[in-house]
$ cat model09.txt   # compact mmCIF, C-alpha atoms
# COMPACT_ATOMS: atom_id res chain seq x y z
CA MET B 10 74.57 33.42 -53.73
CA LYS B 11 74.07 30.29 -51.63
CA ILE B 12 75.01 32.18 -48.46
CA ALA B 13 72.41 34.87 -49.16
CA ALA B 14 69.75 32.20 -49.73
CA VAL B 15 70.70 30.42 -46.48
CA VAL B 16 70.61 33.71 -44.56
CA ALA B 17 67.25 34.65 -46.07
CA LEU B 18 65.84 31.18 -45.37
CA SER B 19 67.17 31.28 -41.78
CA PHE B 20 65.64 34.72 -41.24
CA PHE B 21 62.34 33.46 -42.68
CA LEU B 22 62.41 30.40 -40.36
CA VAL B 23 63.11 32.60 -37.32
CA ILE B 24 60.15 34.83 -38.19
CA ILE B 25 57.89 31.79 -38.72
CA GLY B 26 59.11 30.27 -35.42
CA TRP B 27 58.41 33.53 -33.59
CA GLN B 28 54.89 33.62 -35.03
CA VAL B 29 54.26 30.00 -33.98
CA VAL B 30 55.40 30.77 -30.42
CA SER B 31 53.17 33.85 -30.24
CA PHE B 32 50.20 31.85 -31.59
CA VAL B 33 50.77 29.15 -28.96
CA ARG B 34 50.87 31.77 -26.17
CA GLU B 35 47.73 33.43 -27.49
CA GLU B 36 46.00 30.04 -27.73
CA GLY B 37 46.84 29.36 -24.07
CA GLN B 38 45.44 32.72 -22.98
CA LEU B 39 42.31 32.26 -25.06
CA GLY B 40 41.87 28.76 -23.66
CA SER B 41 41.83 30.10 -20.10
CA GLN B 42 39.44 32.87 -21.10
CA LEU B 43 37.19 30.28 -22.73
CA ALA B 44 37.16 28.23 -19.52
CA ASP B 45 36.17 31.35 -17.54
CA VAL B 46 33.40 32.19 -19.99
CA GLN B 47 32.10 28.62 -19.91
CA ALA B 48 32.06 28.67 -16.09
CA ASN B 49 30.14 31.97 -16.15
CA LEU B 50 27.73 30.52 -18.70
CA THR B 51 27.10 27.49 -16.50
CA LYS B 52 26.41 29.74 -13.50
CA ALA B 53 24.10 31.94 -15.59
CA LYS B 54 22.16 28.92 -16.86
CA ALA B 55 21.73 27.62 -13.31
CA GLN B 56 20.56 31.06 -12.17
CA GLU B 57 18.17 31.29 -15.12
CA ALA B 58 16.69 27.89 -14.26
CA SER B 59 16.25 28.96 -10.64
CA LEU B 60 14.59 32.22 -11.68
CA GLN B 61 12.31 30.41 -14.14
CA GLU B 62 11.28 28.02 -11.38
CA GLU B 63 10.60 30.89 -8.98
CA ASN B 64 8.67 32.75 -11.69
CA GLN B 65 6.52 29.71 -12.34
CA TYR B 66 5.90 29.28 -8.61
CA LEU B 67 4.98 32.94 -8.09
CA SER B 68 2.73 33.05 -11.15
CA ASN B 69 0.13 31.21 -9.05
CA PRO B 70 -1.76 33.94 -7.09
CA LEU B 71 -2.04 31.77 -3.96
CA ASN B 72 1.71 31.20 -3.86
CA LEU B 73 2.36 34.89 -4.46
CA GLU B 74 0.09 35.85 -1.57
CA LYS B 75 1.77 33.27 0.68
CA GLU B 76 5.23 34.66 -0.13
CA LEU B 77 4.08 38.27 0.39
CA ARG B 78 2.69 37.36 3.78
CA ALA B 79 5.84 35.48 4.80
CA ARG B 80 8.43 37.97 3.56
CA PHE B 81 6.80 41.35 4.13
CA ASN B 82 4.23 40.75 6.88
CA TYR B 83 1.52 41.52 4.34
CA LYS B 84 -2.05 41.48 5.61
CA LYS B 85 -5.41 42.07 4.04
CA PRO B 86 -7.45 45.14 5.05
CA GLY B 87 -9.31 44.45 8.28
CA GLU B 88 -7.15 41.46 9.09
CA GLN B 89 -5.20 41.43 12.35
CA MET B 90 -1.72 40.04 12.63
CA ILE B 91 -0.26 38.22 15.60
CA ILE B 92 3.49 38.00 15.88
CA ILE B 93 4.82 35.25 18.13
CA VAL B 94 8.28 35.90 19.48
CA PRO B 95 10.14 32.81 20.73
CA SER B 96 11.18 32.95 24.35
CA SER B 97 14.86 33.59 24.78
CA ALA B 98 16.91 30.86 26.41
CA SER B 99 17.93 31.90 29.87
CA SER B 100 21.60 31.61 30.43
CA THR B 101 23.20 31.73 33.79
CA VAL B 102 26.62 33.18 34.11
CA ALA B 103 28.71 31.56 36.79
CA SER B 104 31.53 33.58 38.17
CA THR B 105 34.41 32.04 39.96
CA THR B 106 36.66 33.81 42.39
CA ASN B 107 40.02 32.53 43.49
$ encode --input "model09.txt" --output "structure tokens"
Amino acid sequence: MKIAAVVALSFFLVIIGWQVVSFVREEGQLGSQLADVQANLTKAKAQEASLQEENQYLSNPLNLEKELRARFNYKKPGEQMIIIVPSSASSTVASTTN
């Protein structure tokens, strides 16, 4: 009778030990997933703050017009646009012959 109880108790301890090991592995995996999610959350919050700032800036009609003009060469009807192209730096190529 004592042998059966020892065997049953040993089997029970092995099962409990296996469950503890699997819980520890799962906890490690979930910990790394949590770190990834927190990093993504931090990035998303920074992006949200940037977008909120840009939204606030562009909500002013004068700033919106300034950005449209700068990004898309926007002009008002009847207005003429002058595009100034910087002069290219002249480079001289020296060739050497031996």
$ atom_distance --input "model09.txt" --atom1 "atom CA of B:Gln56" --atom2 "atom CA of B:Leu39"
25.3 Å
$ residues_around --input "model09.txt" --residues "stretch 75-89 of chain B" --least-positions-apart "5" --cutoff "12 Å" --atoms "all atoms listed in the file" --output "PyMOL selection string"
chain B and resi 63+66-70
$ axis_aligned_box --input "model09.txt" --around "stretch 20-32 of chain B" --padding-each-side "8 Å" --output "AutoDock Vina command-line options"
--center_x 57.9 --center_y 32.4 --center_z -36.5 --size_x 31.4 --size_y 20.8 --size_z 28.4
$ atom_distance --input "model09.txt" --atom1 "atom CA of B:Phe20" --atom2 "atom CA of B:Gln38"
27.3 Å
$ atom_distance --input "model09.txt" --atom1 "atom CA of B:Ala55" --atom2 "atom CA of B:Leu43"
18.3 Å
